[in-house]
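Coordinates as given in start_36.pdb (PDB, C-alpha atoms, pLDDT in the B column):
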ATOM      1  CA  MET A 271     -29.470 -24.160  11.005  1.00 56.00           C
ATOM      2  CA  LYS A 272     -27.688 -23.468   7.735  1.00 73.00           C
ATOM      3  CA  ASP A 273     -29.129 -24.515   4.390  1.00 93.00           C
ATOM      4  CA  GLU A 274     -27.974 -28.121   4.177  1.00 96.00           C
ATOM      5  CA  ALA A 275     -28.657 -28.425   0.451  1.00 97.00           C
ATOM      6  CA  ALA A 276     -26.543 -25.328  -0.258  1.00 97.00           C
ATOM      7  CA  ILE A 277     -23.656 -26.645   1.853  1.00 97.00           C
ATOM      8  CA  ARG A 278     -23.759 -29.999   0.086  1.00 98.00           C
ATOM      9  CA  ALA A 279     -23.767 -28.208  -3.275  1.00 98.00           C
ATOM     10  CA  GLU A 280     -20.715 -26.139  -2.268  1.00 98.00           C
ATOM     11  CA  ILE A 281     -18.837 -29.276  -1.220  1.00 98.00           C
ATOM     12  CA  LEU A 282     -19.579 -30.885  -4.585  1.00 98.00           C
ATOM     13  CA  GLU A 283     -18.444 -27.739  -6.432  1.00 98.00           C
ATOM     14  CA  ALA A 284     -15.225 -27.546  -4.415  1.00 98.00           C
ATOM     15  CA  GLY A 285     -14.619 -31.238  -5.097  1.00 98.00           C
ATOM     16  CA  ARG A 286     -15.013 -30.704  -8.845  1.00 98.00           C
ATOM     17  CA  ARG A 287     -12.606 -27.775  -8.784  1.00 98.00           C
ATOM     18  CA  LEU A 288     -10.021 -29.762  -6.816  1.00 98.00           C
ATOM     19  CA  LYS A 289     -10.175 -32.481  -9.446  1.00 97.00           C
ATOM     20  CA  ASP A 290     -10.129 -30.081 -12.418  1.00 97.00           C
ATOM     21  CA  ARG A 291      -7.040 -28.266 -11.095  1.00 97.00           C
ATOM     22  CA  PHE A 292      -5.344 -31.592 -10.278  1.00 97.00           C
ATOM     23  CA  PHE A 293      -5.137 -30.658  -6.613  1.00 98.00           C
ATOM     24  CA  VAL A 294      -6.203 -34.261  -5.934  1.00 97.00           C
ATOM     25  CA  ALA A 295      -5.690 -37.542  -7.761  1.00 96.00           C
ATOM     26  CA  ALA A 296      -7.843 -40.668  -7.673  1.00 96.00           C
ATOM     27  CA  ASN A 297      -9.627 -40.660  -4.291  1.00 96.00           C
ATOM     28  CA  ASP A 298      -7.343 -38.180  -2.508  1.00 96.00           C
ATOM     29  CA  GLY A 299      -8.480 -35.215  -0.461  1.00 97.00           C
ATOM     30  CA  ASN A 300     -11.455 -34.468   1.750  1.00 98.00           C
ATOM     31  CA  ILE A 301     -13.856 -31.633   2.500  1.00 98.00           C
ATOM     32  CA  SER A 302     -16.100 -30.876   5.451  1.00 98.00           C
ATOM     33  CA  ALA A 303     -18.475 -28.158   6.625  1.00 98.00           C
ATOM     34  CA  ARG A 304     -20.161 -27.386   9.918  1.00 97.00           C
ATOM     35  CA  LEU A 305     -23.933 -27.608   9.527  1.00 96.00           C
ATOM     36  CA  SER A 306     -24.806 -26.836  13.147  1.00 94.00           C
ATOM     37  CA  PRO A 307     -23.006 -27.108  16.509  1.00 93.00           C
ATOM     38  CA  GLY A 308     -23.774 -30.815  16.565  1.00 96.00           C
ATOM     39  CA  GLU A 309     -23.655 -31.728  12.877  1.00 97.00           C
ATOM     40  CA  ILE A 310     -20.887 -31.801  10.261  1.00 98.00           C
ATOM     41  CA  ILE A 311     -21.174 -32.680   6.579  1.00 98.00           C
ATOM     42  CA  ILE A 312     -18.105 -34.572   5.359  1.00 98.00           C
ATOM     43  CA  THR A 313     -16.939 -36.362   2.237  1.00 98.00           C
ATOM     44  CA  PRO A 314     -16.730 -40.161   2.006  1.00 98.00           C
ATOM     45  CA  THR A 315     -13.650 -42.302   1.666  1.00 97.00           C
ATOM     46  CA  SER A 316     -12.665 -44.094  -1.551  1.00 96.00           C
ATOM     47  CA  VAL A 317     -14.568 -41.701  -3.837  1.00 97.00           C
ATOM     48  CA  ASN A 318     -13.079 -39.267  -6.366  1.00 97.00           C
ATOM     49  CA  LYS A 319     -13.882 -35.773  -5.122  1.00 97.00           C
ATOM     50  CA  GLY A 320     -14.883 -34.645  -8.604  1.00 97.00           C
ATOM     51  CA  ASP A 321     -17.404 -37.442  -9.042  1.00 96.00           C
ATOM     52  CA  MET A 322     -19.426 -37.133  -5.850  1.00 98.00           C
ATOM     53  CA  SER A 323     -23.179 -36.686  -5.596  1.00 97.00           C
ATOM     54  CA  ALA A 324     -25.020 -35.031  -2.723  1.00 97.00           C
ATOM     55  CA  ASP A 325     -26.286 -38.332  -1.338  1.00 97.00           C
ATOM     56  CA  MET A 326     -22.711 -39.621  -0.994  1.00 98.00           C
ATOM     57  CA  LEU A 327     -21.886 -37.009   1.652  1.00 98.00           C
ATOM     58  CA  LEU A 328     -22.220 -38.029   5.280  1.00 98.00           C
ATOM     59  CA  LYS A 329     -23.509 -36.231   8.325  1.00 98.00           C
ATOM     60  CA  VAL A 330     -21.525 -36.868  11.521  1.00 98.00           C
ATOM     61  CA  ASP A 331     -21.490 -35.459  15.033  1.00 98.00           C
ATOM     62  CA  PRO A 332     -18.459 -33.715  16.637  1.00 97.00           C
ATOM     63  CA  ASP A 333     -17.249 -37.106  17.924  1.00 97.00           C
ATOM     64  CA  GLY A 334     -17.359 -38.711  14.482  1.00 97.00           C
ATOM     65  CA  LYS A 335     -20.535 -40.748  14.938  1.00 98.00           C
ATOM     66  CA  VAL A 336     -22.327 -41.138  11.605  1.00 98.00           C
ATOM     67  CA  LEU A 337     -25.784 -39.579  11.772  1.00 98.00           C
ATOM     68  CA  SER A 338     -26.764 -40.169   8.152  1.00 97.00           C
ATOM     69  CA  GLY A 339     -25.229 -41.538   4.977  1.00 97.00           C
ATOM     70  CA  SER A 340     -24.522 -45.032   3.688  1.00 96.00           C
ATOM     71  CA  LEU A 341     -20.810 -44.699   2.859  1.00 97.00           C
ATOM     72  CA  LYS A 342     -17.831 -44.561   5.195  1.00 97.00           C
ATOM     73  CA  PRO A 343     -16.508 -41.093   6.096  1.00 97.00           C
ATOM     74  CA  THR A 344     -13.044 -40.022   5.001  1.00 97.00           C
ATOM     75  CA  SER A 345     -10.191 -41.715   6.817  1.00 94.00           C
ATOM     76  CA  GLU A 346      -8.953 -38.212   7.734  1.00 95.00           C
ATOM     77  CA  MET A 347     -12.130 -37.369   9.662  1.00 97.00           C
ATOM     78  CA  LYS A 348     -10.177 -37.131  12.938  1.00 96.00           C
ATOM     79  CA  MET A 349      -8.169 -34.254  11.480  1.00 96.00           C
ATOM     80  CA  HIS A 350     -11.326 -32.368  10.497  1.00 97.00           C
ATOM     81  CA  LEU A 351     -12.951 -32.884  13.884  1.00 97.00           C
ATOM     82  CA  ALA A 352      -9.800 -31.684  15.654  1.00 97.00           C
ATOM     83  CA  VAL A 353      -9.805 -28.458  13.636  1.00 97.00           C
ATOM     84  CA  PHE A 354     -13.481 -27.819  14.348  1.00 98.00           C
ATOM     85  CA  ARG A 355     -12.861 -28.337  18.074  1.00 96.00           C
ATOM     86  CA  ARG A 356      -9.860 -26.012  18.083  1.00 96.00           C
ATOM     87  CA  ARG A 357     -11.412 -23.306  15.919  1.00 96.00           C
ATOM     88  CA  PRO A 358     -15.078 -22.513  16.695  1.00 95.00           C
ATOM     89  CA  ASP A 359     -14.948 -19.805  14.009  1.00 95.00           C
ATOM     90  CA  VAL A 360     -14.114 -22.298  11.255  1.00 97.00           C
ATOM     91  CA  GLN A 361     -17.114 -23.460   9.259  1.00 97.00           C
ATOM     92  CA  ALA A 362     -15.380 -25.464   6.514  1.00 98.00           C
ATOM     93  CA  ILE A 363     -12.172 -27.369   5.830  1.00 98.00           C
ATOM     94  CA  VAL A 364     -10.449 -28.470   2.614  1.00 98.00           C
ATOM     95  CA  HIS A 365      -7.572 -30.950   2.536  1.00 98.00           C
ATOM     96  CA  ALA A 366      -5.854 -31.636  -0.780  1.00 98.00           C
ATOM     97  CA  HIS A 367      -2.516 -32.460  -2.390  1.00 98.00           C
ATOM     98  CA  PRO A 368      -1.797 -29.546  -4.755  1.00 98.00           C
ATOM     99  CA  PRO A 369       1.500 -30.581  -6.382  1.00 97.00           C
ATOM    100  CA  THR A 370       3.724 -27.575  -5.721  1.00 97.00           C
ATOM    101  CA  ALA A 371       2.591 -26.904  -2.164  1.00 97.00           C
ATOM    102  CA  THR A 372       2.858 -30.632  -1.468  1.00 98.00           C
ATOM    103  CA  GLY A 373       6.389 -30.543  -2.865  1.00 97.00           C
ATOM    104  CA  PHE A 374       7.336 -27.856  -0.344  1.00 97.00           C
ATOM    105  CA  ALA A 375       5.647 -29.845   2.409  1.00 97.00           C
ATOM    106  CA  THR A 376       7.506 -33.005   1.401  1.00 97.00           C
ATOM    107  CA  CYS A 377      10.848 -31.173   1.357  1.00 97.00           C
ATOM    108  CA  ARG A 378       9.928 -29.755   4.795  1.00 96.00           C
ATOM    109  CA  ILE A 379      10.306 -26.210   3.444  1.00 94.00           C
ATOM    110  CA  ARG A 380       8.064 -23.718   5.171  1.00 93.00           C
ATOM    111  CA  LEU A 381       6.276 -21.028   3.182  1.00 91.00           C
ATOM    112  CA  ASP A 382       6.090 -18.517   6.021  1.00 85.00           C
ATOM    113  CA  GLN A 383       9.778 -17.687   6.359  1.00 79.00           C
ATOM    114  CA  ASP A 384       9.674 -14.785   3.913  1.00 80.00           C
ATOM    115  CA  VAL A 385       6.747 -12.834   2.501  1.00 77.00           C
ATOM    116  CA  ILE A 386       7.040 -11.941  -1.176  1.00 74.00           C
ATOM    117  CA  LEU A 387       3.429 -11.239  -2.202  1.00 79.00           C
ATOM    118  CA  PRO A 388       0.956  -8.907  -0.433  1.00 78.00           C
ATOM    119  CA  GLU A 389      -1.938 -10.988  -1.790  1.00 78.00           C
ATOM    120  CA  VAL A 390      -0.819 -13.967   0.282  1.00 79.00           C
ATOM    121  CA  VAL A 391      -0.964 -11.953   3.501  1.00 80.00           C
ATOM    122  CA  PHE A 392      -4.408 -10.680   2.518  1.00 79.00           C
ATOM    123  CA  GLY A 393      -5.705 -14.111   1.504  1.00 77.00           C
ATOM    124  CA  LEU A 394      -4.002 -16.432   3.955  1.00 84.00           C
ATOM    125  CA  GLY A 395      -2.200 -14.508   6.685  1.00 82.00           C
ATOM    126  CA  LYS A 396       0.274 -16.886   8.302  1.00 86.00           C
ATOM    127  CA  ILE A 397       0.947 -20.251   6.638  1.00 94.00           C
ATOM    128  CA  GLY A 398       1.479 -22.903   9.288  1.00 95.00           C
ATOM    129  CA  PHE A 399       3.488 -26.115   9.088  1.00 96.00           C
ATOM    130  CA  ALA A 400       2.378 -29.353  10.762  1.00 96.00           C
ATOM    131  CA  GLU A 401       5.027 -31.978  11.415  1.00 95.00           C
ATOM    132  CA  TYR A 402       4.634 -35.409   9.853  1.00 94.00           C
ATOM    133  CA  GLY A 403       2.191 -37.910  11.285  1.00 91.00           C
ATOM    134  CA  THR A 404       0.934 -41.245   9.991  1.00 89.00           C
ATOM    135  CA  PRO A 405      -2.324 -40.697   8.059  1.00 82.00           C
ATOM    136  CA  THR A 406      -5.516 -42.060   9.708  1.00 80.00           C
ATOM    137  CA  THR A 407      -3.869 -41.984  13.172  1.00 86.00           C
ATOM    138  CA  THR A 408      -4.172 -39.350  15.889  1.00 91.00           C
ATOM    139  CA  GLU A 409      -0.696 -38.049  14.972  1.00 94.00           C
ATOM    140  CA  VAL A 410      -1.949 -35.892  12.089  1.00 93.00           C
ATOM    141  CA  PRO A 411      -4.881 -34.328  14.005  1.00 94.00           C
ATOM    142  CA  GLU A 412      -2.591 -33.543  16.930  1.00 95.00           C
ATOM    143  CA  ALA A 413       0.029 -31.939  14.665  1.00 95.00           C
ATOM    144  CA  VAL A 414      -2.596 -29.864  12.851  1.00 96.00           C
ATOM    145  CA  GLU A 415      -4.300 -28.848  16.077  1.00 94.00           C
ATOM    146  CA  ARG A 416      -1.010 -27.416  17.354  1.00 93.00           C
ATOM    147  CA  GLU A 417      -0.705 -25.190  14.272  1.00 94.00           C
ATOM    148  CA  ILE A 418      -4.229 -24.204  13.288  1.00 95.00           C
ATOM    149  CA  ALA A 419      -4.957 -21.857  16.199  1.00 92.00           C
ATOM    150  CA  ASP A 420      -3.490 -18.786  14.487  1.00 89.00           C
ATOM    151  CA  CYS A 421      -3.532 -19.569  10.764  1.00 93.00           C
ATOM    152  CA  ASP A 422      -5.986 -20.463   8.002  1.00 94.00           C
ATOM    153  CA  ALA A 423      -3.609 -22.512   5.852  1.00 96.00           C
ATOM    154  CA  VAL A 424      -1.250 -25.275   6.905  1.00 97.00           C
ATOM    155  CA  LEU A 425       1.318 -27.340   5.036  1.00 97.00           C
ATOM    156  CA  LEU A 426       1.220 -30.957   6.215  1.00 97.00           C
ATOM    157  CA  ALA A 427       4.688 -32.502   6.129  1.00 96.00           C
ATOM    158  CA  ASN A 428       4.814 -35.150   3.370  1.00 95.00           C
ATOM    159  CA  HIS A 429       1.039 -34.973   3.108  1.00 93.00           C
ATOM    160  CA  GLY A 430      -0.281 -31.884   1.302  1.00 96.00           C
ATOM    161  CA  GLY A 431      -2.148 -28.851   2.542  1.00 97.00           C
ATOM    162  CA  LEU A 432      -5.134 -27.909   4.660  1.00 98.00           C
ATOM    163  CA  THR A 433      -7.140 -24.683   4.503  1.00 98.00           C
ATOM    164  CA  VAL A 434     -10.110 -23.450   6.508  1.00 97.00           C
ATOM    165  CA  GLY A 435     -12.750 -20.777   6.114  1.00 96.00           C
ATOM    166  CA  GLU A 436     -16.138 -19.435   7.031  1.00 94.00           C
ATOM    167  CA  SER A 437     -17.579 -21.221   3.993  1.00 96.00           C
ATOM    168  CA  VAL A 438     -16.577 -24.153   1.826  1.00 98.00           C
ATOM    169  CA  MET A 439     -15.688 -21.907  -1.089  1.00 97.00           C
ATOM    170  CA  GLN A 440     -13.571 -19.614   1.086  1.00 95.00           C
ATOM    171  CA  ALA A 441     -11.610 -22.647   2.282  1.00 97.00           C
ATOM    172  CA  TYR A 442     -11.281 -23.815  -1.332  1.00 98.00           C
ATOM    173  CA  TYR A 443     -10.069 -20.424  -2.595  1.00 96.00           C
ATOM    174  CA  ARG A 444      -7.470 -20.401   0.158  1.00 95.00           C
ATOM    175  CA  MET A 445      -6.206 -23.727  -1.197  1.00 97.00           C
ATOM    176  CA  GLU A 446      -5.852 -22.081  -4.625  1.00 95.00           C
ATOM    177  CA  VAL A 447      -3.878 -19.205  -3.117  1.00 92.00           C
ATOM    178  CA  LEU A 448      -1.671 -21.630  -1.171  1.00 95.00           C
ATOM    179  CA  GLU A 449      -0.798 -23.561  -4.319  1.00 96.00           C
ATOM    180  CA  MET A 450      -0.260 -20.441  -6.422  1.00 92.00           C
ATOM    181  CA  TYR A 451       2.040 -18.970  -3.776  1.00 91.00           C
ATOM    182  CA  ALA A 452       4.027 -22.204  -3.704  1.00 94.00           C
ATOM    183  CA  ARG A 453       4.409 -21.981  -7.493  1.00 94.00           C
ATOM    184  CA  VAL A 454       5.613 -18.395  -7.259  1.00 90.00           C
ATOM    185  CA  ARG A 455       8.121 -19.388  -4.584  1.00 90.00           C
ATOM    186  CA  LEU A 456       9.374 -22.244  -6.757  1.00 93.00           C
ATOM    187  CA  VAL A 457       9.761 -20.007  -9.812  1.00 92.00           C
ATOM    188  CA  THR A 458      11.541 -17.280  -7.882  1.00 90.00           C
ATOM    189  CA  THR A 459      13.912 -19.867  -6.451  1.00 90.00           C
ATOM    190  CA  LEU A 460      14.734 -21.061  -9.980  1.00 92.00           C
ATOM    191  CA  LEU A 461      15.318 -17.446 -11.006  1.00 91.00           C
ATOM    192  CA  GLY A 462      17.814 -16.852  -8.240  1.00 89.00           C
ATOM    193  CA  GLY A 463      15.659 -15.954  -5.256  1.00 82.00           C
ATOM    194  CA  ALA A 464      12.870 -13.505  -4.517  1.00 80.00           C
ATOM    195  CA  LYS A 465      13.376 -10.180  -2.777  1.00 82.00           C
ATOM    196  CA  ALA A 466      11.353 -10.614   0.388  1.00 83.00           C
ATOM    197  CA  LEU A 467       9.383  -7.786   1.937  1.00 82.00           C
ATOM    198  CA  ASN A 468      10.923  -6.348   5.089  1.00 82.00           C
ATOM    199  CA  GLU A 469       9.375  -6.545   8.558  1.00 83.00           C
ATOM    200  CA  PRO A 470       7.722  -3.085   8.529  1.00 85.00           C
ATOM    201  CA  GLN A 471       6.203  -3.807   5.128  1.00 83.00           C
ATOM    202  CA  VAL A 472       4.832  -7.165   6.299  1.00 81.00           C
ATOM    203  CA  ALA A 473       3.505  -5.636   9.510  1.00 84.00           C
ATOM    204  CA  GLU A 474       1.700  -2.980   7.495  1.00 86.00           C
ATOM    205  CA  LEU A 475       0.124  -5.644   5.277  1.00 83.00           C
ATOM    206  CA  PHE A 476      -1.243  -7.471   8.311  1.00 82.00           C
ATOM    207  CA  GLN A 477      -2.656  -4.179   9.591  1.00 86.00           C
ATOM    208  CA  VAL A 478      -4.411  -3.651   6.271  1.00 84.00           C
ATOM    209  CA  ARG A 479      -5.729  -7.203   6.430  1.00 79.00           C
ATOM    210  CA  GLU A 480      -7.163  -6.592   9.873  1.00 81.00           C
ATOM    211  CA  ARG A 481      -8.710  -3.236   8.935  1.00 82.00           C
ATOM    212  CA  GLN A 482     -10.336  -4.728   5.846  1.00 80.00           C
ATOM    213  CA  GLY A 483     -11.762  -7.666   7.791  1.00 77.00           C
ATOM    214  CA  TRP A 484      -9.881 -10.252   5.766  1.00 72.00           C
ATOM    215  CA  GLY A 485      -8.656 -12.191   8.795  1.00 68.00           C
ATOM    216  CA  ARG A 486     -10.224 -14.860  10.971  1.00 58.00           C
ATOM    217  CA  SER A 487     -13.010 -12.733  12.396  1.00 39.00           C
ATOM    218  CA  GLY A 488     -13.762 -10.611   9.378  1.00 36.00           C
ATOM    219  CA  GLY A 489     -15.580 -13.140   7.244  1.00 36.00           C
ATOM    220  CA  GLY A 490     -14.049 -11.896   4.002  1.00 38.00           C
ATOM    221  CA  THR A 491     -13.504 -14.376   1.199  1.00 42.00           C
ATOM    222  CA  VAL A 492     -10.498 -14.859  -1.014  1.00 43.00           C
ATOM    223  CA  GLU A 493     -11.868 -13.393  -4.221  1.00 49.00           C
ATOM    224  CA  PRO A 494     -11.298 -15.090  -7.582  1.00 51.00           C
ATOM    225  CA  GLU A 495      -9.709 -11.818  -8.751  1.00 52.00           C
ATOM    226  CA  THR A 496      -6.924 -12.319  -6.203  1.00 52.00           C
ATOM    227  CA  VAL A 497      -6.247 -15.797  -7.523  1.00 49.00           C
ATOM    228  CA  GLU A 498      -6.237 -14.480 -11.099  1.00 54.00           C
ATOM    229  CA  MET A 499      -3.784 -11.727 -10.160  1.00 53.00           C
ATOM    230  CA  ILE A 500      -1.330 -14.215  -8.689  1.00 51.00           C
ATOM    231  CA  THR A 501      -1.836 -16.524 -11.683  1.00 50.00           C
ATOM    232  CA  GLN A 502      -0.871 -13.683 -14.023  1.00 54.00           C
ATOM    233  CA  ILE A 503       2.309 -13.052 -12.041  1.00 54.00           C
ATOM    234  CA  VAL A 504       3.338 -16.694 -12.399  1.00 50.00           C
ATOM    235  CA  LEU A 505       2.577 -16.741 -16.125  1.00 52.00           C
ATOM    236  CA  GLU A 506       4.654 -13.617 -16.726  1.00 55.00           C
ATOM    237  CA  VAL A 507       7.596 -15.045 -14.794  1.00 51.00           C
ATOM    238  CA  LEU A 508       7.385 -18.377 -16.657  1.00 49.00           C
ATOM    239  CA  GLN A 509       7.225 -16.571 -19.997  1.00 57.00           C
ATOM    240  CA  ALA A 510      10.278 -14.488 -19.092  1.00 56.00           C
ATOM    241  CA  GLN A 511      12.138 -17.629 -18.064  1.00 51.00           C
ATOM    242  CA  ALA A 512      11.262 -19.363 -21.350  1.00 54.00           C
ATOM    243  CA  ALA A 513      12.468 -16.361 -23.335  1.00 60.00           C
ATOM    244  CA  HIS A 514      15.799 -16.252 -21.460  1.00 56.00           C
ATOM    245  CA  PRO A 515      16.667 -19.844 -20.443  1.00 52.00           C
TER     246      PRO A 515
END
Represent the structure of the file as structure tokens.
Amino acid sequence: MKDEAAIRAEILEAGRRLKDRFFVAANDGNISARLSPGEIIITPTSVNKGDMSADMLLKVDPDGKVLSGSLKPTSEMKMHLAVFRRRPDVQAIVHAHPPTATGFATCRIRLDQDVILPEVVFGLGKIGFAEYGTPTTTEVPEAVEREIADCDAVLLANHGGLTVGESVMQAYYRMEVLEMYARVRLVTTLLGGAKALNEPQVAELFQVRERQGWGRSGGGTVEPETVEMITQIVLEVLQAQAAHP
């Protein structure tokens, strides 16, 4: 069994970061982690993800039965359970509403049509897109389950983003990369359109990703340095735009 206290601490840290980066507002978003084959730690409903304490987190089984905890689990628990069923390799899930990525999701604009940054291939691979479903119903879990088989990040139509990983922090970092990539795409659109990488270049990037073990089975994490690199790109583009409006 994994260290439950460490997993709870990671969920709290990820929740604080989601709040600090305004990836969630009020009580939005949810986080979960697989503790064992029969136990999942998940965030409660109606609680700000930056203000949680370890005792607020719930332990549920793969069917959603509450095993411990006094609060109600997130209303999106069905979505988390569906992902865990579909992806035995996934150990953690983060769902949030980062503004730019959510804007693309709300406009039904996919982020996987063109590849413009190698770091996104390395950090995320394919970015999926789940069609709209009414929150709290089985529609969202079913839409996500259809997409999540071959990707670690999914835009949820009119609903935000979902990322997965082999740890809570890996799933969280993938949410950062998803949002930063959406910002880059938005800026490049405002500047007249990015020059996408061609098919051989993209194929080579995926080969590098596989060789380095950065994909589903490799267990690599999205390093903070990668996020910082992409952040710097966005800042430079924004500064250039401000200098030449």
Selected residue, from A:Asp382, A:Glu401, A:Leu387, A:Lys289, that lies nearest to Cys421 of chain A when counting all atoms listed in the file: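 Nearest candidate to Cys421 of chain A out of A:Asp382, A:Glu401, A:Leu387, A:Lys289: A:Asp382.
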Closest of A:Ala366, A:Val414, A:Asp331, A:Ile281 to Met349 of chain A - atom-to-atom distances counting all atoms listed in the file: A:Val414
Among the residues A:Leu288, A:Val472, A:Val478, A:Val424, the one that comes closest to Thr372 of chain A [using all atoms listed in the file]: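 The shortest atom-to-atom distance to Thr372 of chain A comes from A:Val424.
Using only C-alpha atoms, the shortest contact distance between Ala276 of chain A and any of A:Phe374, A:Ile311, A:Gly463, A:Gly339 is found at A:Ile311.
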Residues matched by the PyMOL selection byres ((chain A and resi 361-365) around 9) as a PyMOL selection string: chain A and resi 284+298-305+350+353-354+357-360+366-367+430-442+444-445
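Take the candidates A:Arg378, A:Arg455, A:Thr406, A:Trp484 and check each one against Asp422 of chain A using all atoms listed in the file; the shortest distance goes to A:Trp484.
The interatomic distance for the pair atom CA of Leu467 of chain A and atom CA of Arg416 of chain A works out to 27.0 Å.
Atom pair atom CA of Asn428 of chain A / atom CA of Ala375 of chain A has a distance of 5.5 Å (rounded to one decimal).
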One-decimal distance in Å that lies between atom CA of Glu415 of chain A and atom CA of Asn297 of chain A: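 Interatomic distance here is 24.1 Å.
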